[in-house]
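Asker: This is start39.pdb (PDB, C-alpha atoms and all ligand atoms).
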ATOM      1  CA  MET A   1       5.420 -26.699   0.262  1.00  0.00           C
ATOM      2  CA  ASN A   2       2.217 -24.969  -0.871  1.00  0.00           C
ATOM      3  CA  SER A   3       2.239 -21.523  -2.495  1.00  0.00           C
ATOM      4  CA  ALA A   4       1.537 -19.685   0.784  1.00  0.00           C
ATOM      5  CA  GLU A   5       4.510 -21.404   2.459  1.00  0.00           C
ATOM      6  CA  ILE A   6       6.751 -20.678  -0.532  1.00  0.00           C
ATOM      7  CA  LEU A   7       5.778 -16.970  -0.534  1.00  0.00           C
ATOM      8  CA  LEU A   8       6.189 -16.677   3.228  1.00  0.00           C
ATOM      9  CA  GLU A   9       9.651 -18.172   2.955  1.00  0.00           C
ATOM     10  CA  ARG A  10      10.627 -15.692   0.206  1.00  0.00           C
ATOM     11  CA  ILE A  11       9.348 -12.756   2.283  1.00  0.00           C
ATOM     12  CA  ARG A  12      11.345 -13.949   5.301  1.00  0.00           C
ATOM     13  CA  ARG A  13      14.488 -14.632   3.234  1.00  0.00           C
ATOM     14  CA  GLU A  14      14.507 -11.724   0.744  1.00  0.00           C
ATOM     15  CA  GLY A  15      11.877  -9.282   1.946  1.00  0.00           C
ATOM     16  CA  ALA A  16      10.787  -7.757   5.224  1.00  0.00           C
ATOM     17  CA  ILE A  17       7.688  -7.396   7.357  1.00  0.00           C
ATOM     18  CA  ASP A  18       7.432  -4.069   9.117  1.00  0.00           C
ATOM     19  CA  GLY A  19       4.042  -4.190  10.825  1.00  0.00           C
ATOM     20  CA  GLU A  20       1.594  -3.593   7.988  1.00  0.00           C
ATOM     21  CA  VAL A  21       4.207  -2.798   5.356  1.00  0.00           C
ATOM     22  CA  ILE A  22       5.545  -5.771   3.450  1.00  0.00           C
ATOM     23  CA  LYS A  23       8.715  -5.423   1.392  1.00  0.00           C
ATOM     24  CA  VAL A  24       8.514  -7.619  -1.680  1.00  0.00           C
ATOM     25  CA  ASP A  25      10.412  -5.625  -4.290  1.00  0.00           C
ATOM     26  CA  ARG A  26      13.127  -8.233  -4.821  1.00  0.00           C
ATOM     27  CA  PHE A  27      10.702 -10.840  -6.166  1.00  0.00           C
ATOM     28  CA  LEU A  28       7.167  -9.446  -6.658  1.00  0.00           C
ATOM     29  CA  ASN A  29       6.776  -5.805  -7.556  1.00  0.00           C
ATOM     30  CA  HIS A  30      10.058  -4.280  -8.700  1.00  0.00           C
ATOM     31  CA  MET A  31      12.341  -7.164  -9.599  1.00  0.00           C
ATOM     32  CA  VAL A  32       9.946  -9.963 -10.451  1.00  0.00           C
ATOM     33  CA  ASP A  33      10.378 -13.754 -10.233  1.00  0.00           C
ATOM     34  CA  PRO A  34       8.166 -15.005 -13.070  1.00  0.00           C
ATOM     35  CA  HIS A  35       8.086 -18.567 -11.712  1.00  0.00           C
ATOM     36  CA  LEU A  36       6.838 -17.364  -8.337  1.00  0.00           C
ATOM     37  CA  ILE A  37       4.212 -15.120  -9.978  1.00  0.00           C
ATOM     38  CA  GLN A  38       2.990 -18.022 -12.138  1.00  0.00           C
ATOM     39  CA  LEU A  39       2.807 -20.325  -9.102  1.00  0.00           C
ATOM     40  CA  LEU A  40       0.715 -17.762  -7.190  1.00  0.00           C
ATOM     41  CA  GLY A  41      -1.372 -17.055 -10.298  1.00  0.00           C
ATOM     42  CA  ASN A  42      -2.089 -20.752 -10.818  1.00  0.00           C
ATOM     43  CA  ASP A  43      -3.200 -21.102  -7.183  1.00  0.00           C
ATOM     44  CA  LEU A  44      -5.595 -18.121  -7.367  1.00  0.00           C
ATOM     45  CA  ALA A  45      -6.868 -19.081 -10.832  1.00  0.00           C
ATOM     46  CA  GLY A  46      -7.703 -22.581  -9.572  1.00  0.00           C
ATOM     47  CA  ARG A  47     -10.144 -21.042  -7.080  1.00  0.00           C
ATOM     48  CA  PHE A  48     -12.133 -19.522  -9.974  1.00  0.00           C
ATOM     49  CA  ALA A  49     -11.931 -22.363 -12.474  1.00  0.00           C
ATOM     50  CA  GLU A  50     -15.696 -22.928 -12.229  1.00  0.00           C
ATOM     51  CA  GLY A  51     -16.697 -19.259 -12.164  1.00  0.00           C
ATOM     52  CA  SER A  52     -17.107 -18.792 -15.933  1.00  0.00           C
ATOM     53  CA  VAL A  53     -14.930 -15.697 -15.715  1.00  0.00           C
ATOM     54  CA  THR A  54     -14.531 -14.001 -19.112  1.00  0.00           C
ATOM     55  CA  LYS A  55     -11.824 -11.415 -18.283  1.00  0.00           C
ATOM     56  CA  ILE A  56      -9.383 -10.497 -15.555  1.00  0.00           C
ATOM     57  CA  LEU A  57      -9.251  -6.838 -14.521  1.00  0.00           C
ATOM     58  CA  THR A  58      -6.411  -5.155 -12.626  1.00  0.00           C
ATOM     59  CA  ALA A  59      -4.900  -1.668 -12.264  1.00  0.00           C
ATOM     60  CA  GLU A  60      -1.469  -0.683 -13.491  1.00  0.00           C
ATOM     61  CA  THR A  61       1.316  -1.127 -12.506  1.00  0.00           C
ATOM     62  CA  SER A  62       2.088  -3.931 -10.134  1.00  0.00           C
ATOM     63  CA  GLY A  63      -1.176  -5.867 -10.597  1.00  0.00           C
ATOM     64  CA  ILE A  64      -0.242  -6.567 -14.195  1.00  0.00           C
ATOM     65  CA  MET A  65       2.155  -9.468 -13.641  1.00  0.00           C
ATOM     66  CA  LEU A  66      -0.333 -11.398 -11.491  1.00  0.00           C
ATOM     67  CA  ALA A  67      -3.157 -10.607 -13.930  1.00  0.00           C
ATOM     68  CA  GLN A  68      -1.094 -12.088 -16.755  1.00  0.00           C
ATOM     69  CA  ALA A  69      -0.366 -15.243 -14.718  1.00  0.00           C
ATOM     70  CA  VAL A  70      -4.006 -15.799 -13.696  1.00  0.00           C
ATOM     71  CA  ALA A  71      -5.220 -15.050 -17.228  1.00  0.00           C
ATOM     72  CA  MET A  72      -2.702 -17.504 -18.685  1.00  0.00           C
ATOM     73  CA  LYS A  73      -3.926 -20.271 -16.362  1.00  0.00           C
ATOM     74  CA  LEU A  74      -7.617 -19.546 -17.060  1.00  0.00           C
ATOM     75  CA  GLN A  75      -6.894 -19.046 -20.778  1.00  0.00           C
ATOM     76  CA  ILE A  76      -8.769 -15.725 -20.932  1.00  0.00           C
ATOM     77  CA  PRO A  77      -7.649 -12.121 -21.601  1.00  0.00           C
ATOM     78  CA  PHE A  78      -6.755  -9.586 -18.934  1.00  0.00           C
ATOM     79  CA  ILE A  79      -7.351  -5.834 -18.887  1.00  0.00           C
ATOM     80  CA  TYR A  80      -5.284  -3.373 -16.900  1.00  0.00           C
ATOM     81  CA  ALA A  81      -6.985  -0.118 -16.022  1.00  0.00           C
ATOM     82  CA  LYS A  82      -4.745   2.796 -17.004  1.00  0.00           C
ATOM     83  CA  LYS A  83      -3.842   5.664 -14.721  1.00  0.00           C
ATOM     84  CA  LYS A  84      -3.356   8.078 -17.622  1.00  0.00           C
ATOM     85  CA  ARG A  85      -5.840   8.197 -20.458  1.00  0.00           C
ATOM     86  CA  PRO A  86      -4.176   7.978 -23.879  1.00  0.00           C
ATOM     87  CA  ILE A  87      -5.665  10.339 -26.491  1.00  0.00           C
ATOM     88  CA  THR A  88      -6.550   7.269 -28.548  1.00  0.00           C
ATOM     89  CA  MET A  89      -8.972   6.187 -25.782  1.00  0.00           C
ATOM     90  CA  ARG A  90     -12.027   8.222 -26.787  1.00  0.00           C
ATOM     91  CA  GLU A  91     -14.853   6.316 -25.104  1.00  0.00           C
ATOM     92  CA  TYR A  92     -14.108   5.059 -21.635  1.00  0.00           C
ATOM     93  CA  PHE A  93     -15.246   4.171 -18.137  1.00  0.00           C
ATOM     94  CA  ALA A  94     -13.446   6.008 -15.331  1.00  0.00           C
ATOM     95  CA  ALA A  95     -13.381   6.063 -11.537  1.00  0.00           C
ATOM     96  CA  ALA A  96     -11.194   7.769  -8.953  1.00  0.00           C
ATOM     97  CA  SER A  97      -9.197   5.857  -6.366  1.00  0.00           C
ATOM     98  CA  TYR A  98      -7.402   7.346  -3.361  1.00  0.00           C
ATOM     99  CA  SER A  99      -4.177   5.590  -2.383  1.00  0.00           C
ATOM    100  CA  PHE A 100      -3.588   5.773   1.362  1.00  0.00           C
ATOM    101  CA  THR A 101      -0.151   4.264   0.871  1.00  0.00           C
ATOM    102  CA  LYS A 102       0.858   6.948  -1.620  1.00  0.00           C
ATOM    103  CA  GLN A 103      -1.455   9.662  -0.268  1.00  0.00           C
ATOM    104  CA  GLU A 104      -2.692  10.676  -3.680  1.00  0.00           C
ATOM    105  CA  SER A 105      -5.746  10.318  -5.816  1.00  0.00           C
ATOM    106  CA  THR A 106      -5.611   8.584  -9.190  1.00  0.00           C
ATOM    107  CA  THR A 107      -8.226   8.023 -11.839  1.00  0.00           C
ATOM    108  CA  LEU A 108      -8.495   4.601 -13.454  1.00  0.00           C
ATOM    109  CA  TYR A 109      -9.554   4.415 -17.100  1.00  0.00           C
ATOM    110  CA  VAL A 110     -10.841   1.439 -19.101  1.00  0.00           C
ATOM    111  CA  SER A 111     -11.787   1.733 -22.756  1.00  0.00           C
ATOM    112  CA  ARG A 112     -15.381   0.908 -23.687  1.00  0.00           C
ATOM    113  CA  GLU A 113     -13.876  -1.239 -26.441  1.00  0.00           C
ATOM    114  CA  VAL A 114     -12.577  -3.882 -23.999  1.00  0.00           C
ATOM    115  CA  LEU A 115     -15.306  -4.201 -21.352  1.00  0.00           C
ATOM    116  CA  CYS A 116     -18.943  -5.016 -22.055  1.00  0.00           C
ATOM    117  CA  LYS A 117     -22.055  -5.924 -20.100  1.00  0.00           C
ATOM    118  CA  GLN A 118     -21.753  -9.641 -20.859  1.00  0.00           C
ATOM    119  CA  ASP A 119     -18.378  -9.759 -19.100  1.00  0.00           C
ATOM    120  CA  ARG A 120     -17.890 -11.740 -15.885  1.00  0.00           C
ATOM    121  CA  ILE A 121     -14.876 -10.142 -14.243  1.00  0.00           C
ATOM    122  CA  LEU A 122     -12.278 -11.388 -11.772  1.00  0.00           C
ATOM    123  CA  PHE A 123     -10.397  -8.507 -10.094  1.00  0.00           C
ATOM    124  CA  VAL A 124      -6.769  -9.282  -9.225  1.00  0.00           C
ATOM    125  CA  ASP A 125      -4.018  -7.211  -7.604  1.00  0.00           C
ATOM    126  CA  ASP A 126      -0.796  -7.672  -5.673  1.00  0.00           C
ATOM    127  CA  PHE A 127      -2.049  -6.080  -2.417  1.00  0.00           C
ATOM    128  CA  LEU A 128      -5.455  -5.259  -1.022  1.00  0.00           C
ATOM    129  CA  ALA A 129      -4.910  -2.522   1.556  1.00  0.00           C
ATOM    130  CA  LYS A 130      -7.807  -0.121   2.100  1.00  0.00           C
ATOM    131  CA  GLY A 131      -9.737  -1.458  -0.867  1.00  0.00           C
ATOM    132  CA  SER A 132      -9.814   1.832  -2.768  1.00  0.00           C
ATOM    133  CA  THR A 133      -8.546   0.276  -6.016  1.00  0.00           C
ATOM    134  CA  LEU A 134     -11.205  -2.439  -5.731  1.00  0.00           C
ATOM    135  CA  LYS A 135     -13.876   0.226  -5.098  1.00  0.00           C
ATOM    136  CA  ALA A 136     -12.864   2.112  -8.247  1.00  0.00           C
ATOM    137  CA  VAL A 137     -12.833  -1.136 -10.238  1.00  0.00           C
ATOM    138  CA  GLU A 138     -16.320  -1.980  -8.915  1.00  0.00           C
ATOM    139  CA  GLU A 139     -17.513   1.413 -10.123  1.00  0.00           C
ATOM    140  CA  ILE A 140     -16.039   0.837 -13.589  1.00  0.00           C
ATOM    141  CA  ILE A 141     -17.623  -2.630 -13.779  1.00  0.00           C
ATOM    142  CA  SER A 142     -20.961  -1.159 -12.786  1.00  0.00           C
ATOM    143  CA  GLN A 143     -20.651   1.618 -15.412  1.00  0.00           C
ATOM    144  CA  ALA A 144     -20.139  -1.138 -17.994  1.00  0.00           C
ATOM    145  CA  GLY A 145     -23.077  -3.164 -16.641  1.00  0.00           C
ATOM    146  CA  ALA A 146     -20.698  -6.129 -16.279  1.00  0.00           C
ATOM    147  CA  THR A 147     -20.531  -8.570 -13.335  1.00  0.00           C
ATOM    148  CA  LEU A 148     -17.804  -8.841 -10.700  1.00  0.00           C
ATOM    149  CA  VAL A 149     -17.431 -12.573 -10.023  1.00  0.00           C
ATOM    150  CA  GLY A 150     -14.739 -12.271  -7.347  1.00  0.00           C
ATOM    151  CA  SER A 151     -11.469 -10.731  -6.193  1.00  0.00           C
ATOM    152  CA  ALA A 152      -8.067 -12.303  -5.706  1.00  0.00           C
ATOM    153  CA  VAL A 153      -4.879 -10.740  -4.353  1.00  0.00           C
ATOM    154  CA  ILE A 154      -1.478 -11.995  -3.308  1.00  0.00           C
ATOM    155  CA  ILE A 155      -1.521 -10.312   0.115  1.00  0.00           C
ATOM    156  CA  ASN A 156      -4.763  -9.245   1.776  1.00  0.00           C
ATOM    157  CA  LYS A 157      -3.929  -6.566   4.362  1.00  0.00           C
ATOM    158  CA  SER A 158      -7.581  -5.833   5.087  1.00  0.00           C
ATOM    159  CA  GLN A 159     -10.038  -7.601   7.376  1.00  0.00           C
ATOM    160  CA  ARG A 160     -12.277  -8.486   4.419  1.00  0.00           C
ATOM    161  CA  ARG A 161     -12.696 -12.240   4.130  1.00  0.00           C
ATOM    162  CA  ASP A 162     -14.636 -12.247   0.859  1.00  0.00           C
ATOM    163  CA  ILE A 163     -11.338 -11.757  -1.007  1.00  0.00           C
ATOM    164  CA  GLU A 164      -9.245 -14.748  -2.111  1.00  0.00           C
ATOM    165  CA  SER A 165      -5.579 -14.347  -1.169  1.00  0.00           C
ATOM    166  CA  ILE A 166      -2.361 -16.285  -0.775  1.00  0.00           C
ATOM    167  CA  LEU A 167      -1.504 -14.588   2.549  1.00  0.00           C
ATOM    168  CA  THR A 168      -3.258 -12.319   5.066  1.00  0.00           C
ATOM    169  CA  LEU A 169      -1.665 -10.054   7.670  1.00  0.00           C
ATOM    170  CA  ASP A 170      -2.423 -12.730  10.281  1.00  0.00           C
ATOM    171  CA  ASP A 171      -0.242 -15.196   8.341  1.00  0.00           C
ATOM    172  CA  LEU A 172       2.560 -12.607   8.276  1.00  0.00           C
ATOM    173  CA  ASN A 173       2.279 -11.464  11.880  1.00  0.00           C
ATOM    174  CA  PRO A 174       1.116 -14.554  13.779  1.00  0.00           C
ATOM    175  CA  ALA A 175       0.018 -13.826  17.356  1.00  0.00           C
TER     176      ALA A 175
HETATM  177  P1  LIG A 201      -5.972   0.018  -1.797  1.00  0.00           P
HETATM  178  O1  LIG A 201      -6.008   0.239  -3.261  1.00  0.00           O
HETATM  179  O2  LIG A 201      -6.321  -1.399  -1.409  1.00  0.00           O
HETATM  180  O3  LIG A 201      -6.793   1.025  -1.031  1.00  0.00           O
HETATM  181  O4  LIG A 201      -4.505   0.221  -1.282  1.00  0.00           O
HETATM  182  P2  LIG A 201      -3.609   1.542  -1.134  1.00  0.00           P
HETATM  183  O5  LIG A 201      -4.115   2.575  -2.057  1.00  0.00           O
HETATM  184  O6  LIG A 201      -3.456   1.871   0.304  1.00  0.00           O
HETATM  185  O7  LIG A 201      -2.239   0.987  -1.638  1.00  0.00           O
HETATM  186  C1  LIG A 201      -2.178   0.405  -2.859  1.00  0.00           C
HETATM  187  C2  LIG A 201      -0.825   0.639  -3.470  1.00  0.00           C
HETATM  188  O8  LIG A 201       0.240   0.455  -2.508  1.00  0.00           O
HETATM  189  C3  LIG A 201      -0.581  -0.362  -4.518  1.00  0.00           C
HETATM  190  O9  LIG A 201       0.224   0.200  -5.490  1.00  0.00           O
HETATM  191  C4  LIG A 201       0.114  -1.495  -3.766  1.00  0.00           C
HETATM  192  O10 LIG A 201       0.918  -2.254  -4.635  1.00  0.00           O
HETATM  193  C5  LIG A 201       0.940  -0.753  -2.751  1.00  0.00           C
HETATM  194  N1  LIG A 201       1.043  -1.415  -1.440  1.00  0.00           N
HETATM  195  C6  LIG A 201       0.098  -1.473  -0.474  1.00  0.00           C
HETATM  196  N2  LIG A 201       0.566  -2.104   0.598  1.00  0.00           N
HETATM  197  C7  LIG A 201       1.846  -2.455   0.306  1.00  0.00           C
HETATM  198  C8  LIG A 201       2.862  -3.144   1.057  1.00  0.00           C
HETATM  199  O11 LIG A 201       2.691  -3.559   2.206  1.00  0.00           O
HETATM  200  N3  LIG A 201       4.038  -3.342   0.418  1.00  0.00           N
HETATM  201  C9  LIG A 201       4.259  -2.915  -0.852  1.00  0.00           C
HETATM  202  N4  LIG A 201       5.441  -3.187  -1.389  1.00  0.00           N
HETATM  203  N5  LIG A 201       3.335  -2.243  -1.560  1.00  0.00           N
HETATM  204  C10 LIG A 201       2.131  -2.021  -0.982  1.00  0.00           C
HETATM  205  P3  LIG A 201      -0.415   1.267  -6.488  1.00  0.00           P
HETATM  206  O12 LIG A 201      -0.567   2.590  -5.831  1.00  0.00           O
HETATM  207  O13 LIG A 201      -1.677   0.681  -7.037  1.00  0.00           O
HETATM  208  O14 LIG A 201       0.575   1.524  -7.596  1.00  0.00           O
HETATM  209  P4  LIG A 201       1.572   0.589  -8.384  1.00  0.00           P
HETATM  210  O15 LIG A 201       2.766   0.486  -7.498  1.00  0.00           O
HETATM  211  O16 LIG A 201       0.931  -0.712  -8.621  1.00  0.00           O
HETATM  212  O17 LIG A 201       1.791   1.364  -9.615  1.00  0.00           O
END
In structure tokens, what does this structure look like?
Ligand code: G4P
Answerer:
Amino acid sequence: MNSAEILLERIRREGAIDGEVIKVDRFLNHMVDPHLIQLLGNDLAGRFAEGSVTKILTAETSGIMLAQAVAMKLQIPFIYAKKKRPITMREYFAAASYSFTKQESTTLYVSREVLCKQDRILFVDDFLAKGSTLKAVEEIISQAGATLVGSAVIINKSQRRDIESILTLDDLNPA
């Protein structure tokens, strides 16, 4: 079985698909199966092996596990944008993101110490829904003068096809 088939089987067995809402909190984003995450991370990382990516960028919280897995496979560091700025973070890039799922606005912060204009960034996250996290990340990357090489998510719920993913909504709700 490939990684998409393995994930689909886990969702059917231990999760749920309720239209556009996918329940994955028994193996992906609350209780986490590290083997599954690494399998998915390896798959997505393989699609960027030639991209000369220098760093992975995600947003806390549930993007972090995938970011770690992809970063491990590509042997590069990952950064997670923080949703609260620690007082120790004096110089930073910041952008607001509105979550339609949670119906609230959050600001993402990345320290100027970890992102520079030479960086070639791969954005990763668990879900891509409306793309507001990606938009905020794009703004942060542009503030830094860095380059966004690509985006990779586990489940792409949008119609965008320029995003690498393991599954799309069409895979989950076949006609
Ligand atoms: P967007 O960034 O692409 O616009 O998406 P949106 O704001 O609508 O939703 C993103 C948040 O909702 C993410 O969490 C994501 O993990 C979660 N999410 C979106 N769709 C689903 C779904 O079908 N199932 C589950 N389980 N979660 C979903 P977050 O707000 O970034 O916060 P965190 O949970 O990572 O801290």
Asker: Looking at all atoms listed in the file, which of A:Leu28, A:Ala129, A:Ile79, A:Ile6 is the one that sits closest to ligand LIG 201 (chain A)?
Answerer: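 So, comparing all the options, the nearest one is A:Ala129.
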Asker: I'd like to know which of A:Ala144, A:Ala94, A:Met72, A:Ile11 is closest to ligand LIG 201 (chain A), using only C-alpha atoms and all ligand atoms.
Answerer: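 Answer, going by the shortest atom-to-atom distance: A:Ile11.
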Asker: Check every protein, DNA and RNA residue against ligand LIG 201 (chain A), keep those with an atom at most 9 Å away (counting all atoms listed in the file), and present them as a PyMOL selection string.
Answerer: chain A and resi 17-25+28-30+59-64+83+97-106+125-136+155-158
Asker: Hey, which of A:Leu57, A:Leu115, A:Val110, A:Val153 ends up closest to Pro86 of chain A? Count all atoms listed in the file.
Answerer: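 Of A:Leu57, A:Leu115, A:Val110, A:Val153, the one nearest Pro86 of chain A, counting all atoms listed in the file, is A:Val110.
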Asker: Mind giving me the straight-line distance from atom CA of Gly46 of chain A to atom CA of Gly150 of chain A in Å, one decimal?
Answerer: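 A separation of 12.7 Å between them.
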Asker: Give me the residues near Ile76 of chain A as a list in words, where near means some atom within 12 Å (using all atoms listed in the file) and where sequence neighbours in that chain fewer than 3 positions away do not count.
Answerer: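 Surrounding residues, per the criterion: Ala45, Ala49, Ser52, Val53, Thr54, Lys55, Ile56, Leu57, Ala67, Gln68, Ala69, Val70, Ala71, Met72, Lys73, Ile79, Asp119, Arg120, Ile121 and Leu122 of chain A.
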Asker: What is the atom CA of Ile166 of chain A-atom CA of Leu44 of chain A distance in Å, reported with one decimal?
Answerer: 7.6 Å
Asker: To one decimal in Å, tell me the separation between atom CA of Glu139 of chain A and atom CA of Asp170 of chain A.
Answerer: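 Those two atoms sit 29.1 Å apart.
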Asker: Taking only C-alpha atoms into account, which of A:Leu167, A:Asp162, A:Gln143, A:Ile154 comes nearest Ala4 of chain A?
Answerer: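 So, comparing all the options, the nearest one is A:Leu167.
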Asker: Build an axis-aligned box that encloses every atom of segment 23-33 of chain A listed in the file, pad it by 3 Å on each side, and report its centre and edge lengths in Å to one decimal, as JSON.
Answerer:
{"center_x": 10.0, "center_y": -9.0, "center_z": -4.5, "size_x": 12.4, "size_y": 15.5, "size_z": 17.8}
Asker: Kindly complete segment 47-73 of chain A to N, CA and C atoms; the output should be written as an mmCIF file, in the frame of the given file.
Answerer:
data_model
loop_
_atom_site.group_PDB
_atom_site.id
_atom_site.type_symbol
_atom_site.label_atom_id
_atom_site.label_comp_id
_atom_site.auth_asym_id
_atom_site.auth_seq_id
_atom_site.Cartn_x
_atom_site.Cartn_y
_atom_site.Cartn_z
ATOM 1 N N ARG A 47 -8.987 -21.299 -7.945
ATOM 2 C CA ARG A 47 -10.144 -21.042 -7.080
ATOM 3 C C ARG A 47 -11.330 -20.476 -7.877
ATOM 4 N N PHE A 48 -11.068 -20.100 -9.140
ATOM 5 C CA PHE A 48 -12.133 -19.522 -9.974
ATOM 6 C C PHE A 48 -12.348 -20.325 -11.263
ATOM 7 N N ALA A 49 -11.853 -21.553 -11.255
ATOM 8 C CA ALA A 49 -11.931 -22.363 -12.474
ATOM 9 C C ALA A 49 -13.373 -22.608 -12.896
ATOM 10 N N GLU A 50 -14.295 -22.637 -11.910
ATOM 11 C CA GLU A 50 -15.696 -22.928 -12.229
ATOM 12 C C GLU A 50 -16.553 -21.667 -12.337
ATOM 13 N N GLY A 51 -15.919 -20.499 -12.256
ATOM 14 C CA GLY A 51 -16.697 -19.259 -12.164
ATOM 15 C C GLY A 51 -17.133 -18.649 -13.480
ATOM 16 N N SER A 52 -16.862 -19.324 -14.583
ATOM 17 C CA SER A 52 -17.107 -18.792 -15.933
ATOM 18 C C SER A 52 -16.704 -17.326 -16.074
ATOM 19 N N VAL A 53 -15.496 -17.036 -15.589
ATOM 20 C CA VAL A 53 -14.930 -15.697 -15.715
ATOM 21 C C VAL A 53 -14.570 -15.465 -17.186
ATOM 22 N N THR A 54 -14.876 -14.274 -17.704
ATOM 23 C CA THR A 54 -14.531 -14.001 -19.112
ATOM 24 C C THR A 54 -13.275 -13.145 -19.246
ATOM 25 N N LYS A 55 -13.016 -12.278 -18.226
ATOM 26 C CA LYS A 55 -11.824 -11.415 -18.283
ATOM 27 C C LYS A 55 -11.322 -11.125 -16.879
ATOM 28 N N ILE A 56 -10.012 -10.949 -16.791
ATOM 29 C CA ILE A 56 -9.383 -10.497 -15.555
ATOM 30 C C ILE A 56 -9.250 -8.983 -15.658
ATOM 31 N N LEU A 57 -9.453 -8.298 -14.533
ATOM 32 C CA LEU A 57 -9.251 -6.838 -14.521
ATOM 33 C C LEU A 57 -8.337 -6.471 -13.365
ATOM 34 N N THR A 58 -7.300 -5.660 -13.667
ATOM 35 C CA THR A 58 -6.411 -5.155 -12.626
ATOM 36 C C THR A 58 -6.138 -3.682 -12.904
ATOM 37 N N ALA A 59 -5.297 -3.061 -12.043
ATOM 38 C CA ALA A 59 -4.900 -1.668 -12.264
ATOM 39 C C ALA A 59 -3.396 -1.641 -12.442
ATOM 40 N N GLU A 60 -2.918 -0.757 -13.348
ATOM 41 C CA GLU A 60 -1.469 -0.683 -13.491
ATOM 42 C C GLU A 60 -0.878 -0.047 -12.220
ATOM 43 N N THR A 61 0.301 -0.386 -11.796
ATOM 44 C CA THR A 61 1.316 -1.127 -12.506
ATOM 45 C C THR A 61 1.502 -2.535 -11.946
ATOM 46 N N SER A 62 1.590 -2.652 -10.643
ATOM 47 C CA SER A 62 2.088 -3.931 -10.134
ATOM 48 C C SER A 62 1.044 -5.053 -10.091
ATOM 49 N N GLY A 63 -0.207 -4.777 -10.464
ATOM 50 C CA GLY A 63 -1.176 -5.867 -10.597
ATOM 51 C C GLY A 63 -1.000 -6.631 -11.901
ATOM 52 N N ILE A 64 -0.270 -6.021 -12.831
ATOM 53 C CA ILE A 64 -0.242 -6.567 -14.195
ATOM 54 C C ILE A 64 0.389 -7.964 -14.262
ATOM 55 N N MET A 65 1.468 -8.164 -13.536
ATOM 56 C CA MET A 65 2.155 -9.468 -13.641
ATOM 57 C C MET A 65 1.269 -10.606 -13.134
ATOM 58 N N LEU A 66 0.563 -10.358 -12.019
ATOM 59 C CA LEU A 66 -0.333 -11.398 -11.491
ATOM 60 C C LEU A 66 -1.509 -11.608 -12.448
ATOM 61 N N ALA A 67 -2.027 -10.501 -12.997
ATOM 62 C CA ALA A 67 -3.157 -10.607 -13.930
ATOM 63 C C ALA A 67 -2.776 -11.482 -15.113
ATOM 64 N N GLN A 68 -1.570 -11.287 -15.616
ATOM 65 C CA GLN A 68 -1.094 -12.088 -16.755
ATOM 66 C C GLN A 68 -1.027 -13.576 -16.377
ATOM 67 N N ALA A 69 -0.520 -13.845 -15.153
ATOM 68 C CA ALA A 69 -0.366 -15.243 -14.718
ATOM 69 C C ALA A 69 -1.727 -15.921 -14.539
ATOM 70 N N VAL A 70 -2.676 -15.217 -13.918
ATOM 71 C CA VAL A 70 -4.006 -15.799 -13.696
ATOM 72 C C VAL A 70 -4.709 -15.998 -15.043
ATOM 73 N N ALA A 71 -4.580 -14.989 -15.911
ATOM 74 C CA ALA A 71 -5.220 -15.050 -17.228
ATOM 75 C C ALA A 71 -4.658 -16.204 -18.056
ATOM 76 N N MET A 72 -3.345 -16.404 -17.947
ATOM 77 C CA MET A 72 -2.702 -17.504 -18.685
ATOM 78 C C MET A 72 -3.275 -18.850 -18.221
ATOM 79 N N LYS A 73 -3.413 -19.004 -16.903
ATOM 80 C CA LYS A 73 -3.926 -20.271 -16.362
ATOM 81 C C LYS A 73 -5.389 -20.481 -16.753
#
